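Asker: Below is the file final_26.pdb, which contains PDB, C-alpha atoms, pLDDT in the B column.
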ATOM      1  CA  ALA A  28      67.698  -2.907  30.109  1.00 75.00           C
ATOM      2  CA  GLN A  29      67.288  -5.275  27.220  1.00 82.00           C
ATOM      3  CA  SER A  30      66.316  -8.891  27.848  1.00 90.00           C
ATOM      4  CA  VAL A  31      65.450 -12.028  25.899  1.00 95.00           C
ATOM      5  CA  THR A  32      63.156 -14.859  26.953  1.00 96.00           C
ATOM      6  CA  GLN A  33      63.031 -18.269  25.365  1.00 97.00           C
ATOM      7  CA  PRO A  34      60.052 -19.935  27.053  1.00 96.00           C
ATOM      8  CA  ASP A  35      60.843 -23.492  25.959  1.00 96.00           C
ATOM      9  CA  ILE A  36      63.871 -25.105  27.578  1.00 96.00           C
ATOM     10  CA  HIS A  37      63.538 -28.361  25.620  1.00 96.00           C
ATOM     11  CA  ILE A  38      61.665 -29.303  22.478  1.00 97.00           C
ATOM     12  CA  THR A  39      61.464 -32.792  20.993  1.00 97.00           C
ATOM     13  CA  VAL A  40      60.467 -33.101  17.367  1.00 97.00           C
ATOM     14  CA  SER A  41      60.317 -35.985  14.927  1.00 97.00           C
ATOM     15  CA  GLU A  42      62.574 -35.933  11.897  1.00 97.00           C
ATOM     16  CA  GLY A  43      60.710 -34.394   8.985  1.00 97.00           C
ATOM     17  CA  ALA A  44      58.284 -32.503  11.202  1.00 97.00           C
ATOM     18  CA  SER A  45      58.161 -28.729  11.450  1.00 97.00           C
ATOM     19  CA  LEU A  46      59.878 -26.797  14.217  1.00 97.00           C
ATOM     20  CA  GLU A  47      59.130 -23.455  15.834  1.00 98.00           C
ATOM     21  CA  LEU A  48      61.227 -21.933  18.594  1.00 98.00           C
ATOM     22  CA  ARG A  49      59.864 -18.987  20.498  1.00 98.00           C
ATOM     23  CA  CYS A  50      61.745 -15.832  21.409  1.00 97.00           C
ATOM     24  CA  ASN A  51      60.437 -12.723  23.160  1.00 96.00           C
ATOM     25  CA  TYR A  52      62.556  -9.657  23.693  1.00 94.00           C
ATOM     26  CA  SER A  53      62.368  -6.502  25.719  1.00 89.00           C
ATOM     27  CA  TYR A  54      63.995  -3.414  24.305  1.00 82.00           C
ATOM     28  CA  GLY A  55      62.877   0.190  24.130  1.00 72.00           C
ATOM     29  CA  ALA A  56      63.746   0.928  20.526  1.00 76.00           C
ATOM     30  CA  THR A  57      64.053  -1.068  17.333  1.00 76.00           C
ATOM     31  CA  PRO A  58      66.214  -4.060  18.194  1.00 84.00           C
ATOM     32  CA  TYR A  59      68.720  -5.960  16.156  1.00 89.00           C
ATOM     33  CA  LEU A  60      67.815  -9.636  16.598  1.00 93.00           C
ATOM     34  CA  PHE A  61      69.800 -12.794  16.013  1.00 95.00           C
ATOM     35  CA  TRP A  62      69.435 -16.540  16.189  1.00 97.00           C
ATOM     36  CA  TYR A  63      72.517 -18.647  16.862  1.00 97.00           C
ATOM     37  CA  VAL A  64      72.902 -22.425  17.025  1.00 97.00           C
ATOM     38  CA  GLN A  65      75.346 -24.280  19.251  1.00 95.00           C
ATOM     39  CA  SER A  66      76.277 -27.917  18.817  1.00 90.00           C
ATOM     40  CA  PRO A  67      77.591 -29.769  21.888  1.00 83.00           C
ATOM     41  CA  GLY A  68      80.953 -28.417  23.049  1.00 76.00           C
ATOM     42  CA  GLN A  69      81.115 -25.914  20.214  1.00 80.00           C
ATOM     43  CA  GLY A  70      80.892 -22.178  19.756  1.00 84.00           C
ATOM     44  CA  LEU A  71      77.908 -20.383  18.299  1.00 93.00           C
ATOM     45  CA  GLN A  72      77.042 -20.264  14.614  1.00 95.00           C
ATOM     46  CA  LEU A  73      74.857 -17.492  13.243  1.00 95.00           C
ATOM     47  CA  LEU A  74      71.647 -18.755  11.637  1.00 97.00           C
ATOM     48  CA  LEU A  75      70.053 -15.436  10.712  1.00 96.00           C
ATOM     49  CA  LYS A  76      69.602 -11.841  11.788  1.00 94.00           C
ATOM     50  CA  TYR A  77      67.054  -9.043  11.585  1.00 92.00           C
ATOM     51  CA  PHE A  78      68.096  -5.424  11.329  1.00 86.00           C
ATOM     52  CA  SER A  79      65.286  -3.712   9.434  1.00 80.00           C
ATOM     53  CA  GLY A  80      63.064  -4.071   6.394  1.00 83.00           C
ATOM     54  CA  ASP A  81      61.264  -7.292   5.585  1.00 86.00           C
ATOM     55  CA  THR A  82      60.065  -8.855   8.806  1.00 90.00           C
ATOM     56  CA  LEU A  83      60.469 -12.406   7.467  1.00 95.00           C
ATOM     57  CA  VAL A  84      64.153 -13.267   7.437  1.00 95.00           C
ATOM     58  CA  GLN A  85      65.734 -16.236   5.701  1.00 96.00           C
ATOM     59  CA  GLY A  86      68.799 -17.898   7.132  1.00 96.00           C
ATOM     60  CA  ILE A  87      71.104 -20.813   6.611  1.00 96.00           C
ATOM     61  CA  LYS A  88      70.170 -24.500   6.863  1.00 94.00           C
ATOM     62  CA  GLY A  89      66.581 -23.784   5.794  1.00 96.00           C
ATOM     63  CA  PHE A  90      65.678 -21.692   8.846  1.00 97.00           C
ATOM     64  CA  GLU A  91      63.568 -18.549   8.821  1.00 97.00           C
ATOM     65  CA  ALA A  92      62.365 -16.157  11.495  1.00 98.00           C
ATOM     66  CA  GLU A  93      59.635 -13.554  11.678  1.00 96.00           C
ATOM     67  CA  PHE A  94      59.920 -10.268  13.553  1.00 94.00           C
ATOM     68  CA  LYS A  95      56.629  -9.162  15.095  1.00 93.00           C
ATOM     69  CA  ARG A  96      56.982  -5.803  16.771  1.00 90.00           C
ATOM     70  CA  SER A  97      53.468  -5.879  18.240  1.00 91.00           C
ATOM     71  CA  GLN A  98      54.261  -9.122  20.052  1.00 93.00           C
ATOM     72  CA  SER A  99      57.933  -8.361  20.773  1.00 92.00           C
ATOM     73  CA  SER A 100      58.719 -11.712  19.237  1.00 95.00           C
ATOM     74  CA  PHE A 101      61.251 -13.180  16.836  1.00 97.00           C
ATOM     75  CA  ASN A 102      60.305 -16.841  16.443  1.00 98.00           C
ATOM     76  CA  LEU A 103      62.471 -19.279  14.500  1.00 98.00           C
ATOM     77  CA  ARG A 104      60.957 -21.855  12.178  1.00 98.00           C
ATOM     78  CA  LYS A 105      61.983 -24.723   9.958  1.00 98.00           C
ATOM     79  CA  PRO A 106      59.461 -26.607   7.798  1.00 97.00           C
ATOM     80  CA  SER A 107      61.158 -30.012   7.962  1.00 97.00           C
ATOM     81  CA  VAL A 108      63.702 -30.925  10.606  1.00 97.00           C
ATOM     82  CA  HIS A 109      66.760 -33.088   9.925  1.00 96.00           C
ATOM     83  CA  TRP A 110      68.559 -35.172  12.541  1.00 95.00           C
ATOM     84  CA  SER A 111      71.524 -32.800  12.227  1.00 94.00           C
ATOM     85  CA  ASP A 112      69.373 -29.951  13.581  1.00 96.00           C
ATOM     86  CA  ALA A 113      69.618 -31.397  17.085  1.00 96.00           C
ATOM     87  CA  ALA A 114      71.434 -28.650  18.994  1.00 96.00           C
ATOM     88  CA  GLU A 115      70.842 -25.722  21.297  1.00 97.00           C
ATOM     89  CA  TYR A 116      69.393 -22.554  19.837  1.00 98.00           C
ATOM     90  CA  PHE A 117      69.880 -19.074  21.232  1.00 98.00           C
ATOM     91  CA  CYS A 118      67.992 -15.906  20.466  1.00 97.00           C
ATOM     92  CA  ALA A 119      69.882 -12.674  21.095  1.00 95.00           C
ATOM     93  CA  VAL A 120      69.389  -8.934  20.878  1.00 92.00           C
ATOM     94  CA  ILE A 121      71.743  -6.050  20.436  1.00 87.00           C
ATOM     95  CA  GLY A 122      70.831  -2.654  21.738  1.00 69.00           C
ATOM     96  CA  SER A 123      72.179   0.619  20.549  1.00 58.00           C
ATOM     97  CA  GLY A 124      73.405   3.795  22.186  1.00 54.00           C
ATOM     98  CA  ALA A 125      74.118   3.352  25.861  1.00 50.00           C
ATOM     99  CA  ALA A 126      73.491  -0.385  25.673  1.00 47.00           C
ATOM    100  CA  GLY A 127      76.474  -0.714  23.403  1.00 57.00           C
ATOM    101  CA  ASN A 128      76.959  -3.584  21.044  1.00 80.00           C
ATOM    102  CA  LYS A 129      76.974  -6.461  23.471  1.00 86.00           C
ATOM    103  CA  LEU A 130      74.661  -9.335  22.710  1.00 91.00           C
ATOM    104  CA  THR A 131      72.058 -10.234  25.307  1.00 92.00           C
ATOM    105  CA  PHE A 132      71.081 -13.881  24.979  1.00 96.00           C
ATOM    106  CA  GLY A 133      68.078 -15.882  26.017  1.00 96.00           C
ATOM    107  CA  GLY A 134      68.521 -19.033  28.054  1.00 96.00           C
ATOM    108  CA  GLY A 135      68.409 -21.249  25.001  1.00 97.00           C
ATOM    109  CA  THR A 136      66.158 -24.026  23.707  1.00 98.00           C
ATOM    110  CA  ARG A 137      67.577 -27.521  23.351  1.00 97.00           C
ATOM    111  CA  VAL A 138      66.135 -29.364  20.363  1.00 97.00           C
ATOM    112  CA  LEU A 139      66.042 -33.140  20.307  1.00 97.00           C
ATOM    113  CA  VAL A 140      65.206 -34.889  17.029  1.00 97.00           C
ATOM    114  CA  LYS A 141      63.515 -38.302  17.111  1.00 95.00           C
ATOM    115  CA  PRO A 142      64.121 -40.661  14.175  1.00 91.00           C
TER
ATOM    116  CA  ASP B  15      89.007 -16.226   6.420  1.00 55.00           C
ATOM    117  CA  THR B  16      90.069 -18.673   9.102  1.00 77.00           C
ATOM    118  CA  GLY B  17      87.453 -17.632  11.615  1.00 92.00           C
ATOM    119  CA  VAL B  18      87.887 -16.840  15.284  1.00 95.00           C
ATOM    120  CA  SER B  19      90.268 -19.153  17.105  1.00 96.00           C
ATOM    121  CA  GLN B  20      90.718 -19.733  20.813  1.00 97.00           C
ATOM    122  CA  ASP B  21      93.428 -21.457  22.769  1.00 97.00           C
ATOM    123  CA  PRO B  22      93.372 -23.674  24.708  1.00 97.00           C
ATOM    124  CA  ARG B  23      90.116 -25.471  23.976  1.00 96.00           C
ATOM    125  CA  HIS B  24      90.074 -27.086  27.400  1.00 96.00           C
ATOM    126  CA  LYS B  25      91.733 -26.174  30.691  1.00 98.00           C
ATOM    127  CA  ILE B  26      91.633 -28.003  33.999  1.00 98.00           C
ATOM    128  CA  THR B  27      93.158 -26.202  36.938  1.00 98.00           C
ATOM    129  CA  LYS B  28      93.164 -26.295  40.691  1.00 97.00           C
ATOM    130  CA  ARG B  29      91.438 -23.684  42.773  1.00 97.00           C
ATOM    131  CA  GLY B  30      93.701 -20.731  43.450  1.00 97.00           C
ATOM    132  CA  GLN B  31      95.750 -21.079  40.269  1.00 98.00           C
ATOM    133  CA  ASN B  32      95.916 -18.437  37.551  1.00 98.00           C
ATOM    134  CA  VAL B  33      94.832 -19.187  33.993  1.00 98.00           C
ATOM    135  CA  THR B  34      95.122 -17.281  30.735  1.00 98.00           C
ATOM    136  CA  PHE B  35      93.123 -17.749  27.574  1.00 98.00           C
ATOM    137  CA  ARG B  36      93.886 -16.405  24.130  1.00 98.00           C
ATOM    138  CA  CYS B  37      91.571 -15.319  21.328  1.00 98.00           C
ATOM    139  CA  ASP B  38      92.568 -14.563  17.751  1.00 97.00           C
ATOM    140  CA  PRO B  39      89.805 -12.693  15.936  1.00 96.00           C
ATOM    141  CA  ILE B  40      89.029 -12.570  12.242  1.00 94.00           C
ATOM    142  CA  SER B  41      91.862 -10.458  10.891  1.00 91.00           C
ATOM    143  CA  GLU B  42      89.967  -7.429   9.597  1.00 87.00           C
ATOM    144  CA  HIS B  43      87.655  -7.164  12.627  1.00 92.00           C
ATOM    145  CA  ASN B  44      88.250  -4.234  14.948  1.00 91.00           C
ATOM    146  CA  ARG B  45      85.900  -5.344  17.750  1.00 92.00           C
ATOM    147  CA  LEU B  46      86.494  -8.269  20.076  1.00 94.00           C
ATOM    148  CA  TYR B  47      84.141  -9.562  22.766  1.00 94.00           C
ATOM    149  CA  TRP B  48      84.423 -12.014  25.653  1.00 96.00           C
ATOM    150  CA  TYR B  49      81.406 -13.914  26.966  1.00 96.00           C
ATOM    151  CA  ARG B  50      81.002 -16.561  29.644  1.00 96.00           C
ATOM    152  CA  GLN B  51      78.578 -19.449  29.370  1.00 95.00           C
ATOM    153  CA  THR B  52      77.727 -21.715  32.283  1.00 94.00           C
ATOM    154  CA  LEU B  53      76.036 -25.061  31.851  1.00 89.00           C
ATOM    155  CA  GLY B  54      72.469 -24.778  30.645  1.00 87.00           C
ATOM    156  CA  GLN B  55      72.591 -21.010  30.240  1.00 92.00           C
ATOM    157  CA  GLY B  56      73.010 -18.546  27.439  1.00 94.00           C
ATOM    158  CA  PRO B  57      76.285 -16.666  27.101  1.00 95.00           C
ATOM    159  CA  GLU B  58      76.750 -13.571  29.258  1.00 94.00           C
ATOM    160  CA  PHE B  59      78.748 -10.551  28.208  1.00 93.00           C
ATOM    161  CA  LEU B  60      82.021  -9.930  30.032  1.00 94.00           C
ATOM    162  CA  THR B  61      83.893  -7.219  28.136  1.00 93.00           C
ATOM    163  CA  TYR B  62      84.670  -5.813  24.714  1.00 91.00           C
ATOM    164  CA  PHE B  63      87.421  -4.005  22.868  1.00 92.00           C
ATOM    165  CA  GLN B  64      87.428  -1.708  19.926  1.00 91.00           C
ATOM    166  CA  ASN B  65      90.928  -1.957  18.543  1.00 91.00           C
ATOM    167  CA  GLU B  66      93.122  -1.927  21.669  1.00 91.00           C
ATOM    168  CA  ALA B  67      90.710   0.070  23.856  1.00 91.00           C
ATOM    169  CA  GLN B  68      88.586  -1.789  26.387  1.00 90.00           C
ATOM    170  CA  LEU B  69      85.284   0.055  26.113  1.00 88.00           C
ATOM    171  CA  GLU B  70      82.937  -1.806  28.414  1.00 86.00           C
ATOM    172  CA  LYS B  71      83.159  -4.280  31.277  1.00 87.00           C
ATOM    173  CA  SER B  72      80.344  -6.217  32.879  1.00 88.00           C
ATOM    174  CA  ARG B  73      79.937  -6.278  36.630  1.00 84.00           C
ATOM    175  CA  LEU B  74      80.456 -10.026  36.206  1.00 81.00           C
ATOM    176  CA  LEU B  75      84.102  -9.195  35.574  1.00 84.00           C
ATOM    177  CA  SER B  76      85.446  -9.148  39.112  1.00 88.00           C
ATOM    178  CA  ASP B  77      88.867  -7.779  39.954  1.00 92.00           C
ATOM    179  CA  ARG B  78      90.286 -11.290  39.538  1.00 95.00           C
ATOM    180  CA  PHE B  79      89.581 -11.040  35.810  1.00 95.00           C
ATOM    181  CA  SER B  80      91.621  -8.965  33.413  1.00 95.00           C
ATOM    182  CA  ALA B  81      91.527  -8.733  29.660  1.00 96.00           C
ATOM    183  CA  GLU B  82      93.927  -7.141  27.230  1.00 95.00           C
ATOM    184  CA  ARG B  83      94.196  -6.544  23.530  1.00 96.00           C
ATOM    185  CA  PRO B  84      97.609  -4.893  23.342  1.00 90.00           C
ATOM    186  CA  LYS B  85      97.982  -4.344  19.609  1.00 86.00           C
ATOM    187  CA  GLY B  86      94.366  -4.424  18.594  1.00 85.00           C
ATOM    188  CA  SER B  87      94.716  -7.942  17.259  1.00 90.00           C
ATOM    189  CA  PHE B  88      94.614 -10.966  19.586  1.00 96.00           C
ATOM    190  CA  SER B  89      93.250 -10.732  23.123  1.00 97.00           C
ATOM    191  CA  THR B  90      93.961 -12.501  26.379  1.00 97.00           C
ATOM    192  CA  LEU B  91      91.662 -13.120  29.310  1.00 97.00           C
ATOM    193  CA  GLU B  92      93.343 -13.884  32.614  1.00 97.00           C
ATOM    194  CA  ILE B  93      91.660 -15.200  35.730  1.00 97.00           C
ATOM    195  CA  GLN B  94      93.664 -14.941  38.916  1.00 97.00           C
ATOM    196  CA  ARG B  95      93.106 -17.096  42.005  1.00 97.00           C
ATOM    197  CA  THR B  96      90.518 -19.241  40.248  1.00 97.00           C
ATOM    198  CA  GLU B  97      87.434 -20.380  42.116  1.00 96.00           C
ATOM    199  CA  GLN B  98      85.138 -23.306  41.401  1.00 96.00           C
ATOM    200  CA  GLY B  99      82.473 -20.835  40.320  1.00 95.00           C
ATOM    201  CA  ASP B 100      84.718 -19.776  37.448  1.00 96.00           C
ATOM    202  CA  SER B 101      84.131 -23.130  35.759  1.00 97.00           C
ATOM    203  CA  ALA B 102      82.432 -22.273  32.478  1.00 96.00           C
ATOM    204  CA  MET B 103      82.883 -21.978  28.739  1.00 95.00           C
ATOM    205  CA  TYR B 104      84.637 -18.740  27.794  1.00 97.00           C
ATOM    206  CA  LEU B 105      83.641 -17.555  24.344  1.00 96.00           C
ATOM    207  CA  CYS B 106      85.322 -14.966  22.194  1.00 97.00           C
ATOM    208  CA  ALA B 107      83.643 -13.177  19.301  1.00 96.00           C
ATOM    209  CA  SER B 108      84.777 -10.597  16.812  1.00 94.00           C
ATOM    210  CA  SER B 109      83.053  -8.142  14.506  1.00 92.00           C
ATOM    211  CA  GLN B 110      83.603  -5.185  12.250  1.00 88.00           C
ATOM    212  CA  SER B 111      82.001  -2.111  13.796  1.00 79.00           C
ATOM    213  CA  SER B 112      78.775  -1.080  12.110  1.00 73.00           C
ATOM    214  CA  ALA B 113      75.183  -0.639  13.152  1.00 64.00           C
ATOM    215  CA  GLY B 114      74.010  -3.948  14.565  1.00 65.00           C
ATOM    216  CA  GLU B 115      77.119  -5.734  13.416  1.00 81.00           C
ATOM    217  CA  THR B 116      77.289  -9.514  13.357  1.00 89.00           C
ATOM    218  CA  GLN B 117      79.534 -11.128  15.931  1.00 92.00           C
ATOM    219  CA  TYR B 118      81.355 -14.291  14.883  1.00 94.00           C
ATOM    220  CA  PHE B 119      82.200 -16.698  17.659  1.00 95.00           C
ATOM    221  CA  GLY B 120      85.158 -18.914  18.287  1.00 96.00           C
ATOM    222  CA  PRO B 121      84.881 -22.496  19.563  1.00 94.00           C
ATOM    223  CA  GLY B 122      85.362 -21.451  23.172  1.00 95.00           C
ATOM    224  CA  THR B 123      87.655 -22.462  26.017  1.00 96.00           C
ATOM    225  CA  ARG B 124      86.100 -24.791  28.559  1.00 96.00           C
ATOM    226  CA  LEU B 125      87.503 -24.194  32.045  1.00 97.00           C
ATOM    227  CA  LEU B 126      87.132 -26.632  34.904  1.00 97.00           C
ATOM    228  CA  VAL B 127      88.333 -25.548  38.317  1.00 98.00           C
ATOM    229  CA  LEU B 128      88.821 -28.406  40.768  1.00 96.00           C
TER
END
Could you rewrite the structure in this file as structure tokens?

Answerer:
Amino acid sequence: AQSVTQPDIHITVSEGASLELRCNYSYGATPYLFWYVQSPGQGLQLLLKYFSGDTLVQGIKGFEAEFKRSQSSFNLRKPSVHWSDAAEYFCAVIGSGAAGNKLTFGGGTRVLVKP
Amino acid sequence: DTGVSQDPRHKITKRGQNVTFRCDPISEHNRLYWYRQTLGQGPEFLTYFQNEAQLEKSRLLSDRFSAERPKGSFSTLEIQRTEQGDSAMYLCASSQSSAGETQYFGPGTRLLVL
């Protein structure tokens, strides 16, 4: 069965500093990978996705993520964090075939931004 | 494109009562998903529809839960005889079927069972 692990529950970063959120997945074939962001009390907004091709994916709000098959990772990065980036971030994977199209999410990483 | 909408946004109910939530997907999307998110956790899959057919249900979906999508458009999720453990955010998402399609989420319905 597919699974996603986000090792960091909380991360605190200063405004203007860089940010990297870790995501490790377990899936037998080539996965489809996603990063979503959730502001307090809100639904999830898609930041970016990886299906195939270039392993460095650009998303909205200045985020990017890199797919590394050898490490089963899909880490999210942003060079310079803004106060508005404070939110919870979820990595997710979709399987194919018998796994269907349901998203399997990690536990999330809450990002706090210090002024 | 008005996005995915959910109603109500918040629901407080007493244990043992029945509740029903509604989800209106993006109009051209043929797939609709329900997820449940408890505090401090990632969302967990409950069920999904392709058009009006319910194609998969999680074992999380006990017999007190039922979901419908009668005309392949909006969907309802009903919880009968609510329990305190049902307190959670219920999220709806929709997509257009394709390989690795993107699911777009609504704002969610937050349920509190007293």

Asker: Taking all atoms listed in the file into account, which residues of chain A are within 10 Å of chain B, as a CSV table (one decimal) with C-alpha atoms, in the coordinates of the input?

Answerer:
chain,number,residue,atom,x,y,z
A,36,ILE,CA,63.9,-25.1,27.6
A,58,PRO,CA,66.2,-4.1,18.2
A,59,TYR,CA,68.7,-6.0,16.2
A,60,LEU,CA,67.8,-9.6,16.6
A,61,PHE,CA,69.8,-12.8,16.0
A,63,TYR,CA,72.5,-18.6,16.9
A,65,GLN,CA,75.3,-24.3,19.3
A,68,GLY,CA,81.0,-28.4,23.0
A,69,GLN,CA,81.1,-25.9,20.2
A,70,GLY,CA,80.9,-22.2,19.8
A,71,LEU,CA,77.9,-20.4,18.3
A,72,GLN,CA,77.0,-20.3,14.6
A,73,LEU,CA,74.9,-17.5,13.2
A,75,LEU,CA,70.1,-15.4,10.7
A,76,LYS,CA,69.6,-11.8,11.8
A,77,TYR,CA,67.1,-9.0,11.6
A,78,PHE,CA,68.1,-5.4,11.3
A,115,GLU,CA,70.8,-25.7,21.3
A,116,TYR,CA,69.4,-22.6,19.8
A,117,PHE,CA,69.9,-19.1,21.2
A,118,CYS,CA,68.0,-15.9,20.5
A,119,ALA,CA,69.9,-12.7,21.1
A,120,VAL,CA,69.4,-8.9,20.9
A,121,ILE,CA,71.7,-6.0,20.4
A,122,GLY,CA,70.8,-2.7,21.7
A,123,SER,CA,72.2,0.6,20.5
A,126,ALA,CA,73.5,-0.4,25.7
A,127,GLY,CA,76.5,-0.7,23.4
A,128,ASN,CA,77.0,-3.6,21.0
A,129,LYS,CA,77.0,-6.5,23.5
A,130,LEU,CA,74.7,-9.3,22.7
A,131,THR,CA,72.1,-10.2,25.3
A,132,PHE,CA,71.1,-13.9,25.0
A,133,GLY,CA,68.1,-15.9,26.0
A,134,GLY,CA,68.5,-19.0,28.1
A,135,GLY,CA,68.4,-21.2,25.0
A,136,THR,CA,66.2,-24.0,23.7
A,137,ARG,CA,67.6,-27.5,23.4

Asker: Please report the interatomic distance between atom CA of Gln31 of chain B and atom CA of Thr90 of chain B in Å with one decimal.

Answerer: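 Here the two named atoms are 16.4 Å from each other.
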
Asker: Up to 9 Å from (57.1, -10.0, 27.8) in the file's coordinates: name the residues, counting all atoms listed in the file, as a PyMOL selection string.

Answerer: chain A and resi 31-32+51-53+98-100

Asker: Using all atoms listed in the file, which of B:Gln20, B:Ser108, B:Gln64, B:Thr52 sits nearest Leu91 of chain B?

Answerer: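 The shortest atom-to-atom distance to Leu91 of chain B comes from B:Gln20.
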
Asker: With all atoms listed in the file as the counted atoms, please give the residues lying no more than 10 Å from Lys28 of chain B, apart from itself and same-chain residues fewer than 4 positions off, as a list in words.

Answerer: Asn32, Val33, Arg95, Thr96, Glu97, Gln98, Leu126, Val127 and Leu128 of chain B

Asker: Once you have the residues from the selection above, write them out as a tab-separated table (two decimals), in the coordinates of the input, restricted to C-alpha atoms.

Answerer:
chain	number	residue	atom	x	y	z
B	32	ASN	CA	95.92	-18.44	37.55
B	33	VAL	CA	94.83	-19.19	33.99
B	95	ARG	CA	93.11	-17.10	42.00
B	96	THR	CA	90.52	-19.24	40.25
B	97	GLU	CA	87.43	-20.38	42.12
B	98	GLN	CA	85.14	-23.31	41.40
B	126	LEU	CA	87.13	-26.63	34.90
B	127	VAL	CA	88.33	-25.55	38.32
B	128	LEU	CA	88.82	-28.41	40.77

Asker: Would you work out the distance separating atom CA of Phe101 of chain A from atom CA of Cys50 of chain A, expressed in Å to one decimal?

Answerer: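 Taking atom CA of Phe101 of chain A and atom CA of Cys50 of chain A, their separation equals 5.3 Å.
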
Asker: For atom CA of Trp110 of chain A and atom CA of Glu42 of chain A, determine how far apart the two atoms are, in Å to one decimal place.

Answerer: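 Atom-to-atom, atom CA of Trp110 of chain A to atom CA of Glu42 of chain A, that is 6.1 Å.
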
Asker: Rank nothing, just name the residue among A:Gly43, A:Pro34, A:Gly86, A:Gly80 nearest to Thr57 of chain A, using all atoms listed in the file.

Answerer: A:Gly80

Asker: Could you list, as a list of chain:residue names, every residue within 9 Å of Ser41 of chain A, counting all atoms listed in the file and ignoring same-chain residues fewer than 3 positions away?

Answerer: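 So the residues in contact are A:Ala44, A:Ser45, A:Val108, A:His109, A:Trp110, A:Leu139, A:Val140, A:Lys141, A:Pro142.
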
Asker: Around all listed atoms of segment 27-43 of chain B, padded 5 Å per side, what centre and edge lengths does the axis-aligned box have in Å to one decimal, as JSON?

Answerer:
{"center_x": 91.8, "center_y": -16.7, "center_z": 26.5, "size_x": 18.3, "size_y": 29.1, "size_z": 43.9}

Asker: I'd like the neighbourhood of Glu91 of chain A as a PDB file with C-alpha atoms, in the frame of the given file, where a residue qualifies if any of its atoms comes within 12 Å (using only C-alpha atoms), though same-chain residues fewer than 2 positions away should be ignored.

Answerer:
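Writing done, so here's part02.pdb:
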ATOM      1  CA  SER A  45      58.161 -28.729  11.450  1.00 97.00           C
ATOM      2  CA  LEU A  46      59.878 -26.797  14.217  1.00 97.00           C
ATOM      3  CA  GLU A  47      59.130 -23.455  15.834  1.00 98.00           C
ATOM      4  CA  LEU A  48      61.227 -21.933  18.594  1.00 98.00           C
ATOM      5  CA  PHE A  61      69.800 -12.794  16.013  1.00 95.00           C
ATOM      6  CA  TRP A  62      69.435 -16.540  16.189  1.00 97.00           C
ATOM      7  CA  LEU A  74      71.647 -18.755  11.637  1.00 97.00           C
ATOM      8  CA  LEU A  75      70.053 -15.436  10.712  1.00 96.00           C
ATOM      9  CA  LYS A  76      69.602 -11.841  11.788  1.00 94.00           C
ATOM     10  CA  TYR A  77      67.054  -9.043  11.585  1.00 92.00           C
ATOM     11  CA  ASP A  81      61.264  -7.292   5.585  1.00 86.00           C
ATOM     12  CA  THR A  82      60.065  -8.855   8.806  1.00 90.00           C
ATOM     13  CA  LEU A  83      60.469 -12.406   7.467  1.00 95.00           C
ATOM     14  CA  VAL A  84      64.153 -13.267   7.437  1.00 95.00           C
ATOM     15  CA  GLN A  85      65.734 -16.236   5.701  1.00 96.00           C
ATOM     16  CA  GLY A  86      68.799 -17.898   7.132  1.00 96.00           C
ATOM     17  CA  ILE A  87      71.104 -20.813   6.611  1.00 96.00           C
ATOM     18  CA  LYS A  88      70.170 -24.500   6.863  1.00 94.00           C
ATOM     19  CA  GLY A  89      66.581 -23.784   5.794  1.00 96.00           C
ATOM     20  CA  GLU A  93      59.635 -13.554  11.678  1.00 96.00           C
ATOM     21  CA  PHE A  94      59.920 -10.268  13.553  1.00 94.00           C
ATOM     22  CA  PHE A 101      61.251 -13.180  16.836  1.00 97.00           C
ATOM     23  CA  ASN A 102      60.305 -16.841  16.443  1.00 98.00           C
ATOM     24  CA  LEU A 103      62.471 -19.279  14.500  1.00 98.00           C
ATOM     25  CA  ARG A 104      60.957 -21.855  12.178  1.00 98.00           C
ATOM     26  CA  LYS A 105      61.983 -24.723   9.958  1.00 98.00           C
ATOM     27  CA  PRO A 106      59.461 -26.607   7.798  1.00 97.00           C
ATOM     28  CA  SER A 107      61.158 -30.012   7.962  1.00 97.00           C
TER      29      SER A 107
END
